[in-house]
$ cat target_14.cif   # mmCIF, C-alpha atoms and all ligand atoms; chains and numbers go by the auth columns
data_coords
loop_
_atom_site.group_PDB
_atom_site.id
_atom_site.type_symbol
_atom_site.label_atom_id
_atom_site.label_comp_id
_atom_site.label_asym_id
_atom_site.label_seq_id
_atom_site.Cartn_x
_atom_site.Cartn_y
_atom_site.Cartn_z
_atom_site.B_iso_or_equiv
_atom_site.auth_seq_id
_atom_site.auth_asym_id
ATOM 1 C CA VAL A 1 0.000 0.000 0.000 0.00 76 A
ATOM 2 C CA GLU A 2 1.387 3.367 -0.926 0.00 77 A
ATOM 3 C CA ILE A 3 1.512 6.215 1.529 0.00 78 A
ATOM 4 C CA PRO A 4 -1.114 8.797 0.527 0.00 79 A
ATOM 5 C CA VAL A 5 -0.280 12.445 0.148 0.00 80 A
ATOM 6 C CA LEU A 6 -0.194 13.760 3.691 0.00 81 A
ATOM 7 C CA PRO A 7 -1.747 17.060 4.758 0.00 82 A
ATOM 8 C CA ASP A 8 0.670 19.995 4.795 0.00 83 A
ATOM 9 C CA THR A 9 0.994 19.973 8.581 0.00 84 A
ATOM 10 C CA LEU A 10 2.169 16.335 8.564 0.00 85 A
ATOM 11 C CA ALA A 11 4.205 16.473 5.354 0.00 86 A
ATOM 12 C CA ALA A 12 7.514 16.905 7.191 0.00 87 A
ATOM 13 C CA SER A 13 7.079 13.587 9.000 0.00 88 A
ATOM 14 C CA VAL A 14 9.742 10.943 8.369 0.00 89 A
ATOM 15 C CA PRO A 15 9.855 7.156 8.807 0.00 90 A
ATOM 16 C CA VAL A 16 10.351 6.110 12.425 0.00 91 A
ATOM 17 C CA ALA A 17 13.876 4.830 11.783 0.00 92 A
ATOM 18 C CA GLU A 18 14.899 8.132 10.263 0.00 93 A
ATOM 19 C CA TYR A 19 13.416 10.077 13.174 0.00 94 A
ATOM 20 C CA LEU A 20 15.340 7.927 15.652 0.00 95 A
ATOM 21 C CA ASP A 21 18.517 8.308 13.582 0.00 96 A
ATOM 22 C CA ARG A 22 18.146 12.078 13.695 0.00 97 A
ATOM 23 C CA LEU A 23 17.518 12.021 17.436 0.00 98 A
ATOM 24 C CA THR A 24 20.618 9.916 18.019 0.00 99 A
ATOM 25 C CA ALA A 25 22.726 12.164 15.796 0.00 100 A
ATOM 26 C CA ALA A 26 21.451 15.332 17.464 0.00 101 A
ATOM 27 C CA LEU A 27 22.038 14.082 21.006 0.00 102 A
ATOM 28 C CA GLY A 28 25.350 12.310 20.510 0.00 103 A
ATOM 29 C CA PRO A 29 27.409 15.534 20.611 0.00 104 A
ATOM 30 C CA HIS A 30 25.705 16.346 23.922 0.00 105 A
ATOM 31 C CA GLY A 31 26.866 13.093 25.500 0.00 106 A
ATOM 32 C CA PHE A 32 23.683 11.036 25.195 0.00 107 A
ATOM 33 C CA GLU A 33 24.674 7.415 24.516 0.00 108 A
ATOM 34 C CA PRO A 34 22.686 4.180 24.935 0.00 109 A
ATOM 35 C CA GLY A 35 24.931 3.171 27.842 0.00 110 A
ATOM 36 C CA ASN A 36 24.293 6.277 29.930 0.00 111 A
ATOM 37 C CA THR A 37 20.720 7.160 28.934 0.00 112 A
ATOM 38 C CA GLN A 38 17.331 6.196 30.351 0.00 113 A
ATOM 39 C CA VAL A 39 14.408 6.815 28.010 0.00 114 A
ATOM 40 C CA ALA A 40 11.021 7.953 29.318 0.00 115 A
ATOM 41 C CA LEU A 41 8.466 7.233 26.615 0.00 116 A
ATOM 42 C CA SER A 42 5.115 9.004 26.660 0.00 117 A
ATOM 43 C CA ILE A 43 2.899 7.498 23.968 0.00 118 A
ATOM 44 C CA CYS A 44 -0.802 6.678 23.862 0.00 119 A
ATOM 45 C CA ARG A 45 -2.042 3.334 25.159 0.00 120 A
ATOM 46 C CA ASP A 46 -3.473 2.470 21.720 0.00 121 A
ATOM 47 C CA GLU A 47 -1.968 -0.743 20.306 0.00 122 A
ATOM 48 C CA MET A 48 -1.253 1.223 17.145 0.00 123 A
ATOM 49 C CA THR A 49 1.484 3.163 18.931 0.00 124 A
ATOM 50 C CA GLN A 50 3.318 0.311 20.607 0.00 125 A
ATOM 51 C CA GLN A 51 5.627 -0.834 17.830 0.00 126 A
ATOM 52 C CA LEU A 52 7.553 2.352 18.530 0.00 127 A
ATOM 53 C CA SER A 53 8.507 1.121 21.996 0.00 128 A
ATOM 54 C CA HIS A 54 10.388 -1.785 20.435 0.00 129 A
ATOM 55 C CA GLU A 55 12.213 0.444 17.977 0.00 130 A
ATOM 56 C CA VAL A 56 13.219 2.881 20.698 0.00 131 A
ATOM 57 C CA GLU A 57 14.364 0.025 22.925 0.00 132 A
ATOM 58 C CA MET A 58 16.454 -1.538 20.134 0.00 133 A
ATOM 59 C CA ARG A 59 18.507 1.653 20.179 0.00 134 A
ATOM 60 C CA TRP A 60 18.364 3.013 23.717 0.00 135 A
ATOM 61 C CA GLY A 61 17.524 0.025 25.913 0.00 136 A
ATOM 62 C CA PRO A 62 14.384 -0.566 27.999 0.00 137 A
ATOM 63 C CA ALA A 63 12.124 2.486 28.192 0.00 138 A
ATOM 64 C CA PHE A 64 10.105 3.697 31.164 0.00 139 A
ATOM 65 C CA ALA A 65 6.423 3.946 30.098 0.00 140 A
ATOM 66 C CA ILE A 66 5.286 7.335 31.320 0.00 141 A
ATOM 67 C CA GLY A 67 2.400 7.873 28.898 0.00 142 A
ATOM 68 C CA GLY A 68 -1.359 7.663 29.206 0.00 143 A
ATOM 69 C CA LEU A 69 -4.262 8.240 26.838 0.00 144 A
ATOM 70 C CA GLY A 70 -3.397 10.604 24.014 0.00 145 A
ATOM 71 C CA GLY A 71 0.322 10.352 24.792 0.00 146 A
ATOM 72 C CA PHE A 72 0.172 12.714 27.768 0.00 147 A
ATOM 73 C CA PRO A 73 2.618 11.967 30.582 0.00 148 A
ATOM 74 C CA SER A 74 0.319 10.331 33.102 0.00 149 A
ATOM 75 C CA SER A 75 2.519 8.750 35.755 0.00 150 A
ATOM 76 C CA GLY A 76 2.434 11.586 38.283 0.00 151 A
ATOM 77 C CA SER A 77 5.431 12.586 40.344 0.00 152 A
ATOM 78 C CA THR A 78 5.837 9.081 41.789 0.00 153 A
ATOM 79 C CA GLY A 79 6.212 7.618 38.313 0.00 154 A
ATOM 80 C CA TRP A 80 8.679 10.314 37.326 0.00 155 A
ATOM 81 C CA ALA A 81 10.665 9.782 40.529 0.00 156 A
ATOM 82 C CA ALA A 82 10.904 6.066 39.751 0.00 157 A
ATOM 83 C CA CYS A 83 11.970 6.793 36.184 0.00 158 A
ATOM 84 C CA LEU A 84 14.619 9.294 37.271 0.00 159 A
ATOM 85 C CA SER A 85 15.951 6.841 39.847 0.00 160 A
ATOM 86 C CA HIS A 86 16.701 4.417 37.000 0.00 161 A
ATOM 87 C CA VAL A 87 18.953 6.814 35.103 0.00 162 A
ATOM 88 C CA PRO A 88 22.448 5.269 34.923 0.00 163 A
ATOM 89 C CA ASP A 89 24.576 6.594 37.781 0.00 164 A
ATOM 90 C CA GLN A 90 28.023 5.329 36.794 0.00 165 A
ATOM 91 C CA GLY A 91 29.263 8.720 35.698 0.00 166 A
ATOM 92 C CA ARG A 92 26.904 11.439 34.509 0.00 167 A
ATOM 93 C CA GLY A 93 23.539 9.944 33.543 0.00 168 A
ATOM 94 C CA MET A 94 21.126 11.162 30.895 0.00 169 A
ATOM 95 C CA LEU A 95 17.337 11.243 30.732 0.00 170 A
ATOM 96 C CA LEU A 96 15.720 11.285 27.293 0.00 171 A
ATOM 97 C CA ALA A 97 11.976 11.976 27.381 0.00 172 A
ATOM 98 C CA ILE A 98 10.049 11.411 24.163 0.00 173 A
ATOM 99 C CA GLY A 99 6.353 12.310 24.072 0.00 174 A
ATOM 100 C CA LEU A 100 4.143 11.771 21.049 0.00 175 A
ATOM 101 C CA ALA A 101 0.566 12.443 20.057 0.00 176 A
ATOM 102 C CA HIS A 102 -0.710 10.184 17.294 0.00 177 A
ATOM 103 C CA ILE A 103 -3.074 10.296 14.338 0.00 178 A
ATOM 104 C CA GLY A 104 -4.378 7.874 11.752 0.00 179 A
ATOM 105 C CA VAL A 105 -4.298 8.472 8.013 0.00 180 A
ATOM 106 C CA GLU A 106 -6.677 6.846 5.539 0.00 181 A
ATOM 107 C CA PRO A 107 -5.755 5.717 2.002 0.00 182 A
ATOM 108 C CA ASP A 108 -7.370 8.882 0.599 0.00 183 A
ATOM 109 C CA GLY A 109 -5.154 11.072 2.802 0.00 184 A
ATOM 110 C CA SER A 110 -7.890 12.073 5.244 0.00 185 A
ATOM 111 C CA THR A 111 -6.827 12.090 8.895 0.00 186 A
ATOM 112 C CA GLY A 112 -8.211 11.329 12.327 0.00 187 A
ATOM 113 C CA THR A 113 -9.344 7.779 11.678 0.00 188 A
ATOM 114 C CA TYR A 114 -7.534 4.549 10.855 0.00 189 A
ATOM 115 C CA HIS A 115 -8.658 1.282 9.362 0.00 190 A
ATOM 116 C CA ARG A 116 -7.130 -1.501 11.388 0.00 191 A
ATOM 117 C CA PRO A 117 -6.995 -4.501 9.016 0.00 192 A
ATOM 118 C CA TRP A 118 -8.692 -6.743 11.571 0.00 193 A
ATOM 119 C CA MET A 119 -11.713 -4.420 11.870 0.00 194 A
ATOM 120 C CA ALA A 120 -14.640 -4.045 9.481 0.00 195 A
ATOM 121 C CA GLY A 121 -14.424 -0.253 9.438 0.00 196 A
ATOM 122 C CA SER A 122 -12.304 2.677 10.459 0.00 197 A
ATOM 123 C CA ALA A 123 -12.087 3.997 14.018 0.00 198 A
ATOM 124 C CA PRO A 124 -11.095 7.399 15.426 0.00 199 A
ATOM 125 C CA THR A 125 -7.322 7.511 15.965 0.00 200 A
ATOM 126 C CA CYS A 126 -6.427 8.783 18.473 0.00 201 A
ATOM 127 C CA GLY A 127 -9.633 7.420 20.009 0.00 202 A
ATOM 128 C CA ALA A 128 -9.230 9.390 23.237 0.00 203 A
ATOM 129 C CA LEU A 129 -8.846 12.607 21.295 0.00 204 A
ATOM 130 C CA GLY A 130 -11.890 11.708 19.223 0.00 205 A
ATOM 131 C CA ALA A 131 -13.908 11.165 22.404 0.00 206 A
ATOM 132 C CA ILE A 132 -12.907 14.599 23.669 0.00 207 A
ATOM 133 C CA LEU A 133 -13.827 16.317 20.429 0.00 208 A
ATOM 134 C CA HIS A 134 -17.272 14.811 20.847 0.00 209 A
ATOM 135 C CA SER A 135 -17.474 15.940 24.481 0.00 210 A
ATOM 136 C CA TRP A 136 -17.034 19.712 24.098 0.00 211 A
ATOM 137 C CA HIS A 137 -20.771 20.335 24.380 0.00 212 A
ATOM 138 C CA GLU A 138 -20.839 18.543 27.741 0.00 213 A
ATOM 139 C CA GLU A 139 -19.526 19.869 31.029 0.00 214 A
ATOM 140 C CA LEU A 140 -16.908 17.794 32.771 0.00 215 A
ATOM 141 C CA PRO A 141 -18.774 15.625 35.291 0.00 216 A
ATOM 142 C CA GLY A 142 -16.408 16.571 38.117 0.00 217 A
ATOM 143 C CA GLU A 143 -13.268 14.740 39.076 0.00 218 A
ATOM 144 C CA ASP A 144 -13.735 11.118 38.104 0.00 219 A
ATOM 145 C CA LEU A 145 -10.764 9.023 39.152 0.00 220 A
ATOM 146 C CA SER A 146 -11.875 6.131 36.985 0.00 221 A
ATOM 147 C CA ASP A 147 -11.404 8.290 33.896 0.00 222 A
ATOM 148 C CA HIS A 148 -8.721 10.672 35.112 0.00 223 A
ATOM 149 C CA GLU A 149 -6.580 10.436 31.976 0.00 224 A
ATOM 150 C CA LEU A 150 -9.414 11.656 29.775 0.00 225 A
ATOM 151 C CA HIS A 151 -9.960 14.542 32.204 0.00 226 A
ATOM 152 C CA THR A 152 -6.286 15.426 32.061 0.00 227 A
ATOM 153 C CA LEU A 153 -6.304 15.298 28.279 0.00 228 A
ATOM 154 C CA ARG A 154 -9.415 17.436 27.931 0.00 229 A
ATOM 155 C CA THR A 155 -8.236 20.000 30.471 0.00 230 A
ATOM 156 C CA ALA A 156 -4.827 20.184 28.831 0.00 231 A
ATOM 157 C CA LEU A 157 -6.426 20.898 25.461 0.00 232 A
ATOM 158 C CA GLU A 158 -8.707 23.559 26.924 0.00 233 A
ATOM 159 C CA ASP A 159 -5.779 25.185 28.732 0.00 234 A
ATOM 160 C CA ALA A 160 -3.981 25.397 25.394 0.00 235 A
ATOM 161 C CA GLY A 161 -6.590 27.851 24.253 0.00 236 A
ATOM 162 C CA GLY A 162 -9.928 26.648 23.089 0.00 237 A
ATOM 163 C CA ARG A 163 -11.739 23.564 22.051 0.00 238 A
ATOM 164 C CA PRO A 164 -10.360 22.331 18.735 0.00 239 A
ATOM 165 C CA GLU A 165 -13.043 20.682 16.619 0.00 240 A
ATOM 166 C CA ASP A 166 -10.746 19.111 14.080 0.00 241 A
ATOM 167 C CA MET A 167 -8.677 15.994 14.826 0.00 242 A
ATOM 168 C CA LEU A 168 -5.621 17.207 12.952 0.00 243 A
ATOM 169 C CA ALA A 169 -5.633 20.576 14.726 0.00 244 A
ATOM 170 C CA ALA A 170 -6.272 18.890 18.080 0.00 245 A
ATOM 171 C CA THR A 171 -3.374 16.492 17.480 0.00 246 A
ATOM 172 C CA HIS A 172 -0.990 19.393 16.958 0.00 247 A
ATOM 173 C CA VAL A 173 -2.241 21.086 20.119 0.00 248 A
ATOM 174 C CA THR A 174 -1.762 17.776 21.941 0.00 249 A
ATOM 175 C CA ALA A 175 1.847 17.466 20.791 0.00 250 A
ATOM 176 C CA ARG A 176 2.569 21.007 21.951 0.00 251 A
ATOM 177 C CA ARG A 177 0.977 20.386 25.346 0.00 252 A
ATOM 178 C CA ILE A 178 2.828 17.081 25.760 0.00 253 A
ATOM 179 C CA LEU A 179 6.135 18.911 25.450 0.00 254 A
ATOM 180 C CA GLU A 180 5.032 21.595 27.912 0.00 255 A
ATOM 181 C CA LEU A 181 3.965 18.949 30.405 0.00 256 A
ATOM 182 C CA LEU A 182 7.187 16.947 30.003 0.00 257 A
ATOM 183 C CA VAL A 183 9.158 20.112 30.676 0.00 258 A
ATOM 184 C CA ASP A 184 7.010 21.178 33.649 0.00 259 A
ATOM 185 C CA GLN A 185 6.889 17.759 35.281 0.00 260 A
ATOM 186 C CA ILE A 186 10.591 16.972 34.941 0.00 261 A
ATOM 187 C CA SER A 187 11.553 20.490 36.016 0.00 262 A
ATOM 188 C CA GLU A 188 9.437 20.141 39.154 0.00 263 A
ATOM 189 C CA LEU A 189 11.748 17.328 40.301 0.00 264 A
ATOM 190 C CA GLU A 190 14.889 19.431 39.691 0.00 265 A
ATOM 191 C CA PRO A 191 17.153 16.542 38.669 0.00 266 A
ATOM 192 C CA TRP A 192 19.866 18.865 37.315 0.00 267 A
ATOM 193 C CA ASP A 193 22.630 17.948 39.741 0.00 268 A
ATOM 194 C CA ARG A 194 22.249 14.256 38.916 0.00 269 A
ATOM 195 C CA MET A 195 21.686 14.122 35.155 0.00 270 A
ATOM 196 C CA ASP A 196 21.423 15.858 31.809 0.00 271 A
ATOM 197 C CA VAL A 197 17.924 15.926 30.352 0.00 272 A
ATOM 198 C CA ALA A 198 16.514 16.079 26.840 0.00 273 A
ATOM 199 C CA ALA A 199 12.815 16.266 26.009 0.00 274 A
ATOM 200 C CA PHE A 200 11.262 15.920 22.566 0.00 275 A
ATOM 201 C CA ALA A 201 7.707 15.849 21.284 0.00 276 A
ATOM 202 C CA GLY A 202 6.055 15.005 18.028 0.00 277 A
ATOM 203 C CA ILE A 203 3.262 13.179 16.276 0.00 278 A
ATOM 204 C CA GLN A 204 3.157 9.505 15.372 0.00 279 A
ATOM 205 C CA VAL A 205 1.497 9.278 11.962 0.00 280 A
ATOM 206 C CA HIS A 206 -0.092 5.906 11.199 0.00 281 A
ATOM 207 C CA THR A 207 -0.180 5.452 7.435 0.00 282 A
ATOM 208 C CA PRO A 208 -2.068 2.719 5.562 0.00 283 A
ATOM 209 C CA ALA A 209 1.296 1.212 4.564 0.00 284 A
ATOM 210 C CA GLY A 210 1.075 -1.089 7.590 0.00 285 A
ATOM 211 C CA VAL A 211 0.310 -1.172 11.319 0.00 286 A
ATOM 212 C CA GLY A 212 3.514 -0.037 12.998 0.00 287 A
ATOM 213 C CA THR A 213 5.618 -0.623 9.907 0.00 288 A
ATOM 214 C CA GLY A 214 3.982 2.287 8.043 0.00 289 A
ATOM 215 C CA ASP A 215 4.426 4.744 10.896 0.00 290 A
ATOM 216 C CA ARG A 216 6.113 8.080 10.459 0.00 291 A
ATOM 217 C CA ILE A 217 7.016 10.702 13.062 0.00 292 A
ATOM 218 C CA LEU A 218 6.718 14.457 12.829 0.00 293 A
ATOM 219 C CA HIS A 219 9.150 16.289 15.093 0.00 294 A
ATOM 220 C CA THR A 220 7.302 19.241 16.636 0.00 295 A
ATOM 221 C CA GLY A 221 9.765 20.513 19.216 0.00 296 A
ATOM 222 C CA GLY A 222 12.182 19.773 21.980 0.00 297 A
ATOM 223 C CA GLY A 223 15.789 19.921 22.996 0.00 298 A
ATOM 224 C CA LEU A 224 18.000 20.109 26.053 0.00 299 A
ATOM 225 C CA LEU A 225 16.363 20.890 29.371 0.00 300 A
ATOM 226 C CA ASP A 226 18.022 22.332 32.444 0.00 301 A
ATOM 227 C CA ALA A 227 17.220 24.721 35.281 0.00 302 A
ATOM 228 C CA ARG A 228 17.105 27.624 32.802 0.00 303 A
ATOM 229 C CA GLY A 229 14.485 25.914 30.659 0.00 304 A
ATOM 230 C CA LEU A 230 14.356 24.230 27.267 0.00 305 A
ATOM 231 C CA GLU A 231 16.987 24.956 24.650 0.00 306 A
ATOM 232 C CA GLU A 232 15.624 23.833 21.279 0.00 307 A
ATOM 233 C CA VAL A 233 17.692 21.346 19.270 0.00 308 A
ATOM 234 C CA ASP A 234 17.003 20.894 15.560 0.00 309 A
ATOM 235 C CA LEU A 235 16.482 17.383 14.263 0.00 310 A
HETATM 236 ZN ZN ZN B . -4.636 7.281 21.230 0.00 401 A
#

$ encode --input "target_14.cif" --output "structure tokens" --more "lines below"
Ligand SMILES: [Zn+2]
Amino acid sequence: VEIPVLPDTLAASVPVAEYLDRLTAALGPHGFEPGNTQVALSICRDEMTQQLSHEVEMRWGPAFAIGGLGGFPSSGSTGWAACLSHVPDQGRGMLLAIGLAHIGVEPDGSTGTYHRPWMAGSAPTCGALGAILHSWHEELPGEDLSDHELHTLRTALEDAGGRPEDMLAATHVTARRILELLVDQISELEPWDRMDVAAFAGIQVHTPAGVGTGDRILHTGGGLLDARGLEEVDL
């Protein structure tokens, strides 16, 4: 199956392997190596996203799963503390946080749904984001611990300025918010004396070329993070 023409705002996406190559090349000069780096991976729970974990782990070693629905970091400070405590401590350790929103692409190039080959029809992808776009006309029913990730996702989108109606637009807002949350949450723990930190965000693009194998990644932002804030690094 050929990859359809992608919308302009996803056109700069690259195959997963190329994205990871660029990340490795960009971070190498800053001392990030597989032997000294712990990855924190914040991707959606959807099975469509999970192939990426394996590809990241082939390069960087086992990754700490920090992500919840929509790709938002969902572990809370306890999860982050556990993750940070696993950063290699023989010499200066490195934390590499990667957070990704995700979106499906159909054979005709339309976005926001994906046809999983084992299903009769297409389904919203990201499903959590789709649910939120359908929930704007409803008020949040108060804090509901059984659905706290959806609350977090919806609130994060609203905080980013409005209620996007379109999946593609909402996915871009999600990627931007994921990076902001990675930066805020890691910075809160002030790990600077113990490790160097890099944080990157983007969008996993699921093309019809194959589940996992047809994925591309759009880099949307990120770089080196320290007490002064985020210093962007080009990929
Ligand atoms: Zn999802």

$ resolve_selection --input "target_14.cif" --expression "the PyMOL selection byres (((not hetatm)) within 6 of (chain A and resi 401))" --output "list in words"
Cys119, Asp121, Leu144, Gly145, Thr200, Cys201, Gly202 and Ala203 of chain A

$ residues_near_point --input "target_14.cif" --point "(10.2, 4.7, 31.2)" --cutoff "6 Å" --atoms "all atoms listed in the file" --output "VMD selection string"
chain A and resid 114 to 116 138 to 141 158

$ atom_distance --input "target_14.cif" --atom1 "atom CA of Ile118 of chain A" --atom2 "atom CA of Ser149 of chain A"
9.9 Å

$ resolve_selection --input "target_14.cif" --expression "the PyMOL selection byres (((chain A and resi 199) around 8) and not hetatm)" --output "PDB file with C-alpha atoms, keeping the file's coordinate frame"
ATOM      1  CA  GLY A 179      -4.378   7.874  11.752  1.00  0.00           C
ATOM      2  CA  GLY A 187      -8.211  11.329  12.327  1.00  0.00           C
ATOM      3  CA  THR A 188      -9.344   7.779  11.678  1.00  0.00           C
ATOM      4  CA  TYR A 189      -7.534   4.549  10.855  1.00  0.00           C
ATOM      5  CA  SER A 197     -12.304   2.677  10.459  1.00  0.00           C
ATOM      6  CA  ALA A 198     -12.087   3.997  14.018  1.00  0.00           C
ATOM      7  CA  THR A 200      -7.322   7.511  15.965  1.00  0.00           C
ATOM      8  CA  CYS A 201      -6.427   8.783  18.473  1.00  0.00           C
ATOM      9  CA  GLY A 202      -9.633   7.420  20.009  1.00  0.00           C
ATOM     10  CA  GLY A 205     -11.890  11.708  19.223  1.00  0.00           C
TER      11      GLY A 205
END

$ residues_near_point --input "target_14.cif" --point "(-12.0, 16.4, 23.9)" --cutoff "9 Å" --atoms "only C-alpha atoms" --output "MDAnalysis selection string"
chainID A and resid 203:211 225:226 228:230 232:233 238:240 245

$ closest_residue --input "target_14.cif" --among "A:Val272, A:Arg191, A:Gly285, A:Gln113" --to "Ala157 of chain A" --atoms "only C-alpha atoms"
A:Gln113

$ residues_around --input "target_14.cif" --residues "Leu98 of chain A" --least-positions-apart "3" --cutoff "10 Å" --atoms "all atoms listed in the file" --output "MDAnalysis selection string"
chainID A and resid 92:95 101:103 107 275 294 298 308:310

$ closest_residue --input "target_14.cif" --among "A:Glu224, A:Asp183, A:Asp271, A:Glu130" --to "Pro163 of chain A" --atoms "all atoms listed in the file"
A:Asp271

$ residues_around --input "target_14.cif" --residues "Gln260 of chain A" --least-positions-apart "4" --cutoff "8 Å" --atoms "all atoms listed in the file" --output "list in words"
Ser152, Trp155, Leu256 and Leu264 of chain A

$ residues_around --input "target_14.cif" --residues "Ala250 of chain A" --least-positions-apart "3" --cutoff "12 Å" --atoms "only C-alpha atoms" --output "MDAnalysis selection string"
chainID A and resid 117:119 145:148 173:178 204 228 231:232 235 243:247 253:257 275:279 292:297
